[in-house]
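Engineer: This is the structure, below, for whatever I ask next.
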Amino acid sequence: RSELVRGGIRGRKAKVVAANVDQAVVVVALGRPDPGEGLLDRFLVLAELSGLHPLVVLNKKDLPGARALAVGLETHLAAAGYPLLRTCALSGEGVEALARALEGHTSVIMGPSGVGKSSLLNAAAPGLALRTGEVSRKRVGGRHTTVGARLVGLPSGGWVVDTPGFSEVLTWQAGPQELTRAFPEFRERAEGCRFRGCSHLHE
């Protein structure tokens, strides 16, 4: 019914990360590692092009400076209307809301290494015992602790695919015309556009 497909690094063939899922849970950290400029957008575009409903999770809300960073990201996402949660896997804040959002869905959870994807799943569904790791203090980036995509069942009756951290987020065979449907704030205005094949570069 659906495929989450990412482009291959250095020209390699595309990779199907997950199939038959209906929701993409995109996790970024509010520090350690910092959400790089445009990184969240690329994950959302990948989800949209794969026909999935995205849920954005801003994790590590307990870190210094997290509040200001979260407000900036929420403002950035407001026009697109994506559902958004602030969480902290360590304290449990927002975890119950995440568990409710996963209930009854087949989801794929994705994001960079070190943002706390597996930790969040462990907190939302005690007993999973997914492998987790500390963020590297030297690189201030995540280490790969999840080495392959794994489908796990949740006590709530839902399913989730826990994926390795994406070091690069590449789309597969997505030209300008395909990208137009990857931005909700553009889609709702597209029918009223007086240009055909509009690229929004020179019209």
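Identifiers in the structure tokens: chain A, B, ... in order shown; residue index from 1 per chain; ligand index from 1 in order shown.
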With a cut-off of 12 Å, could you pull out the residues of segment 40-126 of chain A touching segment 175-178 of chain A and give me the nearest pair of atoms for each, distance in Å to one decimal, using only C-alpha atoms, ordered by chain and ascending number, as JSON lines?

Structural biologist:
```
{"residue": "A:Val45", "atom": "CA", "partner": "A:Glu178", "partner_atom": "CA", "distance": 10.3}
{"residue": "A:Leu46", "atom": "CA", "partner": "A:Glu178", "partner_atom": "CA", "distance": 11.2}
{"residue": "A:Glu48", "atom": "CA", "partner": "A:Glu178", "partner_atom": "CA", "distance": 10.2}
{"residue": "A:Leu49", "atom": "CA", "partner": "A:Glu178", "partner_atom": "CA", "distance": 7.7}
{"residue": "A:Ser50", "atom": "CA", "partner": "A:Glu178", "partner_atom": "CA", "distance": 11.0}
{"residue": "A:Gly51", "atom": "CA", "partner": "A:Glu178", "partner_atom": "CA", "distance": 11.9}
```

Engineer: Grab the residues selected above and save them as a compact mmCIF listing (two decimals), in the first residue's frame with N, CA and C atoms.

Structural biologist:
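The new file result_23.txt reads:
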```
# COMPACT_ATOMS: atom_id res chain seq x y z
N VAL A 45 9.60 16.02 3.48
CA VAL A 45 9.44 15.83 2.04
C VAL A 45 9.50 14.35 1.69
N LEU A 46 10.43 13.63 2.30
CA LEU A 46 10.56 12.19 2.06
C LEU A 46 9.27 11.47 2.46
N GLU A 48 6.20 12.80 2.69
CA GLU A 48 5.11 13.22 1.79
C GLU A 48 5.20 12.51 0.44
N LEU A 49 6.41 12.41 -0.11
CA LEU A 49 6.57 11.75 -1.40
C LEU A 49 6.27 10.26 -1.31
N SER A 50 6.36 9.71 -0.10
CA SER A 50 6.05 8.29 0.11
C SER A 50 4.58 8.08 0.46
N GLY A 51 3.80 9.17 0.48
CA GLY A 51 2.37 9.06 0.74
C GLY A 51 2.02 8.79 2.19
```

Engineer: When you look at Val21 of chain A with a cut-off of 12 Å (counting only C-alpha atoms), what residues show up, excluding the ones that are within fewer than 2 positions of it in the same chain? I need them as a CSV table (one decimal) with N, CA, C and O atoms, in the first residue's frame.

Structural biologist:
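Final file, result39.csv:
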```
chain,number,residue,atom,x,y,z
A,1,ARG,N,0.8,-1.2,0.0
A,1,ARG,CA,0.0,0.0,0.0
A,1,ARG,C,0.8,1.3,0.0
A,1,ARG,O,0.4,2.3,-0.5
A,2,SER,N,2.0,1.2,0.6
A,2,SER,CA,2.9,2.4,0.7
A,2,SER,C,4.3,1.9,0.8
A,2,SER,O,4.6,0.8,1.3
A,3,GLU,N,5.2,2.8,0.4
A,3,GLU,CA,6.7,2.5,0.6
A,3,GLU,C,7.4,3.8,1.0
A,3,GLU,O,7.1,4.8,0.4
A,4,LEU,N,8.2,3.7,2.0
A,4,LEU,CA,9.1,4.8,2.3
A,4,LEU,C,10.4,4.5,1.6
A,4,LEU,O,11.1,3.5,2.0
A,5,VAL,N,10.7,5.3,0.6
A,5,VAL,CA,11.9,5.0,-0.3
A,5,VAL,C,12.8,6.2,-0.1
A,5,VAL,O,12.5,7.3,-0.3
A,16,VAL,N,14.2,0.7,-0.1
A,16,VAL,CA,12.9,0.7,0.6
A,16,VAL,C,13.1,0.5,2.1
A,16,VAL,O,13.6,-0.6,2.5
A,17,VAL,N,12.9,1.5,2.9
A,17,VAL,CA,13.1,1.4,4.3
A,17,VAL,C,12.0,0.7,5.0
A,17,VAL,O,12.2,-0.1,5.9
A,18,ALA,N,10.7,1.0,4.6
A,18,ALA,CA,9.6,0.3,5.2
A,18,ALA,C,8.4,0.3,4.2
A,18,ALA,O,8.4,1.2,3.3
A,19,ALA,N,7.6,-0.7,4.3
A,19,ALA,CA,6.4,-0.8,3.4
A,19,ALA,C,5.2,-1.0,4.2
A,19,ALA,O,5.2,-1.5,5.4
A,23,GLN,N,1.9,6.0,8.7
A,23,GLN,CA,2.3,7.2,9.5
A,23,GLN,C,3.8,7.3,9.6
A,23,GLN,O,4.4,6.3,9.9
A,24,ALA,N,4.4,8.5,9.4
A,24,ALA,CA,5.8,8.7,9.6
A,24,ALA,C,6.0,9.6,10.8
A,24,ALA,O,5.6,10.7,10.8
A,25,VAL,N,6.7,9.0,11.8
A,25,VAL,CA,7.0,9.8,13.0
A,25,VAL,C,8.4,10.3,12.8
A,25,VAL,O,9.4,9.5,12.8
A,47,ALA,N,8.7,11.8,3.6
A,47,ALA,CA,7.5,11.2,4.0
A,47,ALA,C,6.3,11.5,3.1
A,47,ALA,O,5.5,10.7,2.7
A,50,SER,N,6.4,9.7,-0.1
A,50,SER,CA,6.0,8.3,0.1
A,50,SER,C,4.6,8.1,0.5
A,50,SER,O,4.2,7.0,0.7
A,51,GLY,N,3.8,9.2,0.5
A,51,GLY,CA,2.4,9.1,0.7
A,51,GLY,C,2.0,8.8,2.2
A,51,GLY,O,1.0,8.2,2.5
A,52,LEU,N,2.9,9.2,3.1
A,52,LEU,CA,2.7,9.0,4.5
A,52,LEU,C,2.2,10.2,5.3
A,52,LEU,O,2.6,11.4,4.9
A,53,HIS,N,1.5,10.1,6.4
A,53,HIS,CA,1.1,11.2,7.2
A,53,HIS,C,2.1,11.4,8.2
A,53,HIS,O,2.4,10.6,9.1
A,54,PRO,N,2.8,12.6,8.2
A,54,PRO,CA,3.9,12.9,9.1
A,54,PRO,C,3.4,13.4,10.5
A,54,PRO,O,2.4,14.1,10.6
A,102,LEU,N,0.6,6.6,18.3
A,102,LEU,CA,1.0,5.4,17.7
A,102,LEU,C,-0.1,4.3,17.7
A,102,LEU,O,-0.1,3.4,16.8
A,104,GLY,N,-3.0,2.0,17.1
A,104,GLY,CA,-3.9,1.7,16.0
A,104,GLY,C,-3.3,2.0,14.6
A,104,GLY,O,-3.9,1.8,13.6
A,105,HIS,N,-2.0,2.5,14.6
A,105,HIS,CA,-1.4,2.8,13.3
A,105,HIS,C,-0.2,1.8,13.1
A,105,HIS,O,0.3,1.2,14.0
A,106,THR,N,0.2,1.7,11.8
A,106,THR,CA,1.5,1.1,11.5
A,106,THR,C,2.4,2.3,11.1
A,106,THR,O,2.2,2.9,10.1
A,107,SER,N,3.3,2.6,11.9
A,107,SER,CA,4.2,3.8,11.8
A,107,SER,C,5.6,3.4,11.5
A,107,SER,O,6.1,2.3,11.8
A,108,VAL,N,6.3,4.3,10.9
A,108,VAL,CA,7.8,4.2,10.8
A,108,VAL,C,8.3,5.4,11.5
A,108,VAL,O,7.9,6.6,11.4
A,109,ILE,N,9.3,5.2,12.4
A,109,ILE,CA,9.9,6.3,13.2
A,109,ILE,C,11.3,6.5,12.6
A,109,ILE,O,12.1,5.6,12.3
A,151,LEU,N,10.5,-4.2,12.7
A,151,LEU,CA,9.1,-4.1,12.9
A,151,LEU,C,8.8,-4.6,14.3
A,151,LEU,O,9.1,-5.8,14.6
A,158,GLY,N,-0.8,-1.2,17.9
A,158,GLY,CA,-0.2,-0.7,16.7
A,158,GLY,C,1.1,-1.4,16.5
A,158,GLY,O,1.6,-2.3,17.2
A,159,TRP,N,1.7,-1.0,15.3
A,159,TRP,CA,3.0,-1.5,14.9
A,159,TRP,C,3.9,-0.3,14.6
A,159,TRP,O,3.4,0.7,14.2
A,160,VAL,N,5.2,-0.5,14.8
A,160,VAL,CA,6.1,0.6,14.4
A,160,VAL,C,7.4,0.0,13.9
A,160,VAL,O,7.9,-1.0,14.4
A,161,VAL,N,7.9,0.6,12.8
A,161,VAL,CA,9.2,0.2,12.3
A,161,VAL,C,10.3,1.2,12.9
A,161,VAL,O,10.2,2.4,12.6
A,162,ASP,N,11.2,0.6,13.7
A,162,ASP,CA,12.3,1.4,14.3
A,162,ASP,C,13.4,1.3,13.2
A,162,ASP,O,13.9,0.3,12.8
```

Engineer: Any idea what the distance is between atom CA of Leu121 of chain A and atom CA of Ala68 of chain A?

Structural biologist: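 Computed distance, atom CA of Leu121 of chain A to atom CA of Ala68 of chain A, equals 25.2 Å.
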
Engineer: List the neighbours of segment 96-101 of chain A out to 10 Å using only C-alpha atoms; skip same-chain residues closer than 4 positions along the sequence, and give me the result as a compact mmCIF listing (two decimals) with all heavy atoms, in the first residue's frame.

Structural biologist:
```
# COMPACT_ATOMS: atom_id res chain seq x y z
N GLN A 23 1.90 6.02 8.73
CA GLN A 23 2.29 7.22 9.47
C GLN A 23 3.81 7.27 9.62
O GLN A 23 4.45 6.27 9.90
CB GLN A 23 1.66 7.19 10.87
CG GLN A 23 2.03 8.36 11.75
CD GLN A 23 1.26 8.33 13.07
OE1 GLN A 23 0.48 9.24 13.36
NE2 GLN A 23 1.48 7.31 13.89
N VAL A 25 6.69 9.03 11.78
CA VAL A 25 7.01 9.79 12.98
C VAL A 25 8.44 10.32 12.80
O VAL A 25 9.40 9.54 12.81
CB VAL A 25 6.91 8.93 14.24
CG1 VAL A 25 7.24 9.75 15.48
CG2 VAL A 25 5.51 8.33 14.35
N LEU A 55 4.06 12.93 11.55
CA LEU A 55 3.93 13.46 12.89
C LEU A 55 5.33 13.89 13.31
O LEU A 55 6.27 13.09 13.24
CB LEU A 55 3.40 12.39 13.85
CG LEU A 55 3.52 12.68 15.35
CD1 LEU A 55 2.65 13.86 15.75
CD2 LEU A 55 3.17 11.44 16.18
N VAL A 57 8.06 15.01 16.06
CA VAL A 57 8.36 14.89 17.49
C VAL A 57 9.66 15.64 17.77
O VAL A 57 10.70 15.33 17.19
CB VAL A 57 8.50 13.42 17.92
CG1 VAL A 57 8.90 13.33 19.40
CG2 VAL A 57 7.19 12.67 17.69
N PRO A 83 0.91 17.86 12.79
CA PRO A 83 0.81 17.62 14.22
C PRO A 83 2.20 17.52 14.82
O PRO A 83 3.13 17.00 14.18
CB PRO A 83 0.06 16.28 14.31
CG PRO A 83 0.26 15.64 12.98
CD PRO A 83 0.39 16.75 11.99
N LEU A 84 2.36 18.04 16.03
CA LEU A 84 3.69 18.16 16.61
C LEU A 84 3.64 17.87 18.11
O LEU A 84 2.72 18.29 18.80
CB LEU A 84 4.21 19.58 16.34
CG LEU A 84 5.67 19.90 16.66
CD1 LEU A 84 6.20 20.89 15.63
CD2 LEU A 84 5.79 20.47 18.05
N LEU A 85 4.64 17.15 18.60
CA LEU A 85 4.76 16.83 20.02
C LEU A 85 6.13 17.23 20.52
O LEU A 85 7.13 17.08 19.81
CB LEU A 85 4.57 15.33 20.27
CG LEU A 85 3.22 14.70 19.94
CD1 LEU A 85 3.32 13.18 20.11
CD2 LEU A 85 2.12 15.28 20.81
N ARG A 86 6.18 17.75 21.75
CA ARG A 86 7.45 17.94 22.45
C ARG A 86 7.58 16.82 23.47
O ARG A 86 6.64 16.55 24.23
CB ARG A 86 7.48 19.28 23.18
CG ARG A 86 7.58 20.51 22.30
CD ARG A 86 7.92 21.71 23.16
NE ARG A 86 7.51 22.97 22.57
CZ ARG A 86 7.76 24.16 23.13
NH1 ARG A 86 8.40 24.22 24.29
NH2 ARG A 86 7.35 25.26 22.54
N THR A 87 8.73 16.17 23.48
CA THR A 87 8.90 15.02 24.37
C THR A 87 10.25 15.05 25.07
O THR A 87 11.17 15.77 24.66
CB THR A 87 8.81 13.69 23.59
OG1 THR A 87 9.87 13.65 22.61
CG2 THR A 87 7.47 13.52 22.91
N GLY A 92 9.91 11.37 30.66
CA GLY A 92 8.60 10.84 30.31
C GLY A 92 7.62 11.88 29.81
O GLY A 92 6.48 11.54 29.45
N HIS A 105 -2.03 2.46 14.58
CA HIS A 105 -1.35 2.77 13.32
C HIS A 105 -0.20 1.80 13.07
O HIS A 105 0.30 1.16 13.99
CB HIS A 105 -0.79 4.20 13.35
CG HIS A 105 -1.81 5.28 13.32
ND1 HIS A 105 -2.48 5.66 12.17
CD2 HIS A 105 -2.31 6.06 14.32
CE1 HIS A 105 -3.32 6.63 12.44
NE2 HIS A 105 -3.26 6.89 13.74
N SER A 107 3.35 2.56 11.94
CA SER A 107 4.17 3.75 11.80
C SER A 107 5.62 3.39 11.50
O SER A 107 6.08 2.29 11.80
CB SER A 107 4.13 4.59 13.09
OG SER A 107 2.81 4.86 13.50
N LEU A 120 12.57 6.73 22.95
CA LEU A 120 11.17 7.13 22.99
C LEU A 120 10.25 5.92 22.90
O LEU A 120 9.25 5.83 23.61
CB LEU A 120 10.86 8.12 21.87
CG LEU A 120 11.25 9.57 22.10
CD1 LEU A 120 11.05 10.38 20.82
CD2 LEU A 120 10.46 10.18 23.25
N LEU A 121 10.58 4.99 22.01
CA LEU A 121 9.76 3.79 21.87
C LEU A 121 9.80 2.95 23.15
O LEU A 121 8.78 2.41 23.58
CB LEU A 121 10.22 2.96 20.67
CG LEU A 121 9.91 3.54 19.29
CD1 LEU A 121 10.47 2.63 18.19
CD2 LEU A 121 8.41 3.73 19.10
N ALA A 123 10.19 4.11 26.11
CA ALA A 123 9.40 4.81 27.12
C ALA A 123 7.91 4.70 26.84
O ALA A 123 7.09 4.56 27.76
CB ALA A 123 9.81 6.29 27.16
N ALA A 124 7.55 4.73 25.55
CA ALA A 124 6.13 4.66 25.17
C ALA A 124 5.57 3.25 25.32
O ALA A 124 4.37 3.08 25.55
CB ALA A 124 5.94 5.15 23.74
N ALA A 125 6.42 2.26 25.17
CA ALA A 125 5.97 0.86 25.27
C ALA A 125 6.97 0.07 26.10
O ALA A 125 7.83 -0.64 25.54
CB ALA A 125 5.80 0.25 23.88
N LEU A 154 3.27 -3.11 19.36
CA LEU A 154 3.05 -2.29 20.54
C LEU A 154 1.91 -2.87 21.37
O LEU A 154 0.96 -3.43 20.81
CB LEU A 154 2.73 -0.85 20.13
CG LEU A 154 3.78 -0.16 19.26
CD1 LEU A 154 3.28 1.20 18.82
CD2 LEU A 154 5.09 -0.02 20.02
N PRO A 155 1.96 -2.70 22.68
CA PRO A 155 0.87 -3.20 23.52
C PRO A 155 -0.48 -2.60 23.17
O PRO A 155 -1.52 -3.22 23.38
CB PRO A 155 1.30 -2.78 24.94
CG PRO A 155 2.78 -2.61 24.85
CD PRO A 155 3.06 -2.13 23.47
N SER A 156 -0.47 -1.39 22.59
CA SER A 156 -1.71 -0.71 22.22
C SER A 156 -2.38 -1.33 21.00
O SER A 156 -3.51 -1.00 20.67
CB SER A 156 -1.42 0.77 21.92
OG SER A 156 -0.51 0.87 20.84
N GLY A 158 -0.85 -1.24 17.93
CA GLY A 158 -0.21 -0.70 16.74
C GLY A 158 1.12 -1.39 16.45
O GLY A 158 1.58 -2.27 17.20
```

Engineer: Just checking: using only C-alpha atoms, which residue out of A:His76, A:Arg42, A:Arg181, A:Lys61 ends up closest to Gly111 of chain A?

Structural biologist: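 Nearest to Gly111 of chain A: A:Arg42.
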
Engineer: Point out the residue among A:Arg196, A:Pro164, A:Val152, A:Gly94 with the least atom-to-atom distance to Ala129 of chain A, counting only C-alpha atoms.

Structural biologist: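 With only C-alpha atoms as the atom set, the closest residue is A:Val152.
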
Engineer: Considering only C-alpha atoms, can you say which of A:Gly116, A:Gly36, A:Gly148, A:Gly157 comes closest to Asn59 of chain A?

Structural biologist: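 Using only C-alpha atoms, the shortest distance to Asn59 of chain A belongs to A:Gly116.
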
Engineer: Have a look at A:Val28, A:Val71, A:Ala80, A:Met110 and name the one nearest to Arg6 of chain A; count only C-alpha atoms.

Structural biologist: A:Met110

Engineer: I'd like to know which of A:Leu44, A:Glu188, A:Leu73, A:Gly114 is closest to Arg32 of chain A, using only C-alpha atoms.

Structural biologist: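 Among the listed residues, A:Gly114 lies closest to Arg32 of chain A.
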
Engineer: Please return, as JSON, numbers by chain, all residues of chain A that DSSP assigns to helix (DSSP H, G or I) on the basis of the backbone.

Structural biologist: {"A": [9, 10, 11, 39, 40, 41, 42, 43, 44, 45, 46, 47, 48, 49, 66, 67, 68, 69, 70, 71, 72, 73, 74, 75, 76, 77, 78, 79, 80, 95, 96, 97, 98, 99, 100, 101, 102, 117, 118, 119, 120, 121, 122, 123, 124, 176, 177, 178, 179, 180, 181, 182, 184, 185, 186, 187, 188, 189, 190]}

Engineer: If you run DSSP on the backbone, which residues of segment 61-108 of chain A are strand (DSSP E), as a list in words?

Structural biologist: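 So, restricting segment 61-108 of chain A to strand (DSSP E), we get Leu84, Leu85, Arg86, Thr106, Ser107 and Val108 of chain A.
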
Engineer: Any chance you can output those residues with N, CA and C atoms as a PDB file, in the first residue's frame?

Structural biologist:
```pdb
ATOM      1  N   LEU A  84       2.359  18.038  16.031  1.00  0.00           N
ATOM      2  CA  LEU A  84       3.689  18.158  16.607  1.00  0.00           C
ATOM      3  C   LEU A  84       3.637  17.871  18.107  1.00  0.00           C
ATOM      4  N   LEU A  85       4.641  17.145  18.598  1.00  0.00           N
ATOM      5  CA  LEU A  85       4.755  16.831  20.018  1.00  0.00           C
ATOM      6  C   LEU A  85       6.132  17.227  20.521  1.00  0.00           C
ATOM      7  N   ARG A  86       6.175  17.749  21.752  1.00  0.00           N
ATOM      8  CA  ARG A  86       7.446  17.942  22.448  1.00  0.00           C
ATOM      9  C   ARG A  86       7.579  16.817  23.469  1.00  0.00           C
ATOM     10  N   THR A 106       0.195   1.731  11.822  1.00  0.00           N
ATOM     11  CA  THR A 106       1.469   1.110  11.470  1.00  0.00           C
ATOM     12  C   THR A 106       2.386   2.260  11.088  1.00  0.00           C
ATOM     13  N   SER A 107       3.346   2.556  11.941  1.00  0.00           N
ATOM     14  CA  SER A 107       4.173   3.755  11.796  1.00  0.00           C
ATOM     15  C   SER A 107       5.620   3.388  11.498  1.00  0.00           C
ATOM     16  N   VAL A 108       6.317   4.339  10.902  1.00  0.00           N
ATOM     17  CA  VAL A 108       7.765   4.230  10.784  1.00  0.00           C
ATOM     18  C   VAL A 108       8.338   5.425  11.523  1.00  0.00           C
TER      19      VAL A 108
END
```
